[in-house]
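Below is upload17.cif, holding mmCIF, C-alpha atoms.
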data_run
loop_
_atom_site.group_PDB
_atom_site.id
_atom_site.type_symbol
_atom_site.label_atom_id
_atom_site.label_comp_id
_atom_site.auth_asym_id
_atom_site.auth_seq_id
_atom_site.Cartn_x
_atom_site.Cartn_y
_atom_site.Cartn_z
ATOM 1 C CA ALA R 1488 0.000 0.000 0.000
ATOM 2 C CA GLN R 1489 1.247 3.440 -0.915
ATOM 3 C CA SER R 1490 0.264 4.991 2.427
ATOM 4 C CA VAL R 1491 2.341 2.525 4.477
ATOM 5 C CA ALA R 1492 5.481 3.342 2.515
ATOM 6 C CA VAL R 1493 5.791 6.896 3.846
ATOM 7 C CA ALA R 1494 6.445 5.912 7.469
ATOM 8 C CA ILE R 1495 8.821 3.083 6.693
ATOM 9 C CA ASP R 1496 10.477 4.327 3.489
ATOM 10 C CA SER R 1497 14.100 5.016 4.446
ATOM 11 C CA ALA R 1498 14.377 7.747 1.805
ATOM 12 C CA ARG R 1499 11.475 9.687 3.355
ATOM 13 C CA TRP R 1500 12.133 8.778 6.999
ATOM 14 C CA PRO R 1501 14.078 12.041 7.678
ATOM 15 C CA GLU R 1502 11.036 13.972 6.385
ATOM 16 C CA VAL R 1503 8.810 12.127 8.856
ATOM 17 C CA VAL R 1504 10.916 12.459 12.019
ATOM 18 C CA GLY R 1505 13.436 15.178 11.130
ATOM 19 C CA PRO R 1506 17.153 14.726 10.412
ATOM 20 C CA GLU R 1507 18.282 14.641 14.053
ATOM 21 C CA LEU R 1508 15.937 11.816 15.067
ATOM 22 C CA ALA R 1509 16.472 10.002 11.756
ATOM 23 C CA ALA R 1510 20.148 9.600 12.638
ATOM 24 C CA HIS R 1511 19.221 7.590 15.759
ATOM 25 C CA LEU R 1512 15.880 5.953 14.909
ATOM 26 C CA GLN R 1513 15.076 3.328 12.302
ATOM 27 C CA PRO R 1514 11.566 2.352 11.183
ATOM 28 C CA VAL R 1515 11.145 -1.411 11.512
ATOM 29 C CA ARG R 1516 7.609 -2.242 10.394
ATOM 30 C CA VAL R 1517 3.956 -1.243 10.563
ATOM 31 C CA ARG R 1518 1.806 -3.821 12.340
ATOM 32 C CA GLU R 1519 -1.916 -3.246 12.940
ATOM 33 C CA ALA R 1520 -1.622 0.558 12.618
ATOM 34 C CA THR R 1521 1.406 0.610 14.954
ATOM 35 C CA LEU R 1522 4.740 1.796 13.592
ATOM 36 C CA VAL R 1523 7.589 -0.003 15.343
ATOM 37 C CA VAL R 1524 10.708 2.161 15.598
ATOM 38 C CA ALA R 1525 14.146 1.018 16.834
ATOM 39 C CA ALA R 1526 16.303 3.531 18.746
ATOM 40 C CA ASP R 1527 20.092 3.183 18.955
ATOM 41 C CA HIS R 1528 20.320 4.440 22.571
ATOM 42 C CA PRO R 1529 17.917 4.708 25.552
ATOM 43 C CA ALA R 1530 18.070 8.526 25.404
ATOM 44 C CA TRP R 1531 16.787 8.526 21.819
ATOM 45 C CA LEU R 1532 14.122 5.987 22.758
ATOM 46 C CA THR R 1533 12.856 8.448 25.385
ATOM 47 C CA ARG R 1534 13.076 11.390 22.991
ATOM 48 C CA CYS R 1535 11.067 9.535 20.358
ATOM 49 C CA ARG R 1536 8.381 8.641 22.895
ATOM 50 C CA MET R 1537 8.094 12.338 23.779
ATOM 51 C CA GLU R 1538 7.588 13.231 20.104
ATOM 52 C CA VAL R 1539 5.144 10.483 19.105
ATOM 53 C CA ASP R 1540 2.247 12.851 18.388
ATOM 54 C CA ARG R 1541 4.419 15.106 16.213
ATOM 55 C CA ILE R 1542 5.818 12.112 14.298
ATOM 56 C CA ILE R 1543 2.341 10.704 13.602
ATOM 57 C CA ALA R 1544 1.133 14.145 12.474
ATOM 58 C CA SER R 1545 4.150 14.479 10.197
ATOM 59 C CA ALA R 1546 3.558 11.037 8.652
ATOM 60 C CA ARG R 1547 -0.090 11.959 8.061
ATOM 61 C CA ALA R 1548 0.912 15.270 6.460
ATOM 62 C CA LEU R 1549 3.054 13.275 4.026
ATOM 63 C CA GLY R 1550 0.107 11.038 3.142
ATOM 64 C CA ASP R 1551 0.480 8.112 5.566
ATOM 65 C CA THR R 1552 -2.981 7.350 6.935
ATOM 66 C CA THR R 1553 -2.125 3.917 8.349
ATOM 67 C CA VAL R 1554 -0.059 4.829 11.425
ATOM 68 C CA GLU R 1555 -2.084 5.488 14.576
ATOM 69 C CA ARG R 1556 0.458 4.528 17.236
ATOM 70 C CA ILE R 1557 4.217 4.277 17.598
ATOM 71 C CA GLU R 1558 6.040 1.629 19.601
ATOM 72 C CA VAL R 1559 9.687 2.423 20.331
ATOM 73 C CA VAL R 1560 12.126 -0.405 21.045
ATOM 74 C CA LEU R 1561 15.837 -0.471 21.742
ATOM 75 C CA GLN R 1562 17.944 -1.763 18.847
ATOM 76 C CA ARG R 1563 19.590 -5.068 19.519
ATOM 77 C CA PRO R 1564 23.375 -4.988 19.106
#
How would this structure read if it were set down as structure tokens?
Amino acid sequence: AQSVAVAIDSARWPEVVGPELAAHLQPVRVREATLVVAADHPAWLTRCRMEVDRIIASARALGDTTVERIEVVLQRP
């Protein structure tokens, strides 16, 4: 689906979250309207959780109507 691609497309990911967060967060998958995002450090995990509403609004502004929630996990080494 076209709308799913916006949130998880690595080329557009910096547009969704901004360049600073994009350097530390990686979209993993969309599952049942939940975007799973992996953070490279606990501090960035916390920061992403604080910006969930802005990230969802940004994804919607870019045409992604599938993401309703964001789950942030710590990247496995």
*Can you list, as a PyMOL selection string, the residues that the PyMOL selection byres ((chain R and resi 1527-1544) around 8) selects here?*
chain R and resi 1503-1504+1508+1511-1512+1525-1526+1545-1548+1554-1557+1559-1562
(message) Please report the interatomic distance between CA of Ser1497 in chain R and CA of Glu1558 in chain R in Å with one decimal.
(response)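 That distance, rounded to one decimal, is 17.5 Å.
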Inset, instruction - Skip Arg1499 in chain R itself and residues of its chain fewer than 3 positions away, then list as a PyMOL selection string all residues within 12 Å of it, counting only C-alpha atoms. - result: chain R and resi 1491-1496+1502-1506+1509+1513-1514+1545-1546+1549-1551
Discussion item. I need the output of the PyMOL selection byres ((chain R and resi 1519) around 9) for this file as a VMD selection string; which residues are they?
Written reply: chain R and resid 1517 to 1518 1520 to 1522 1553 to 1555
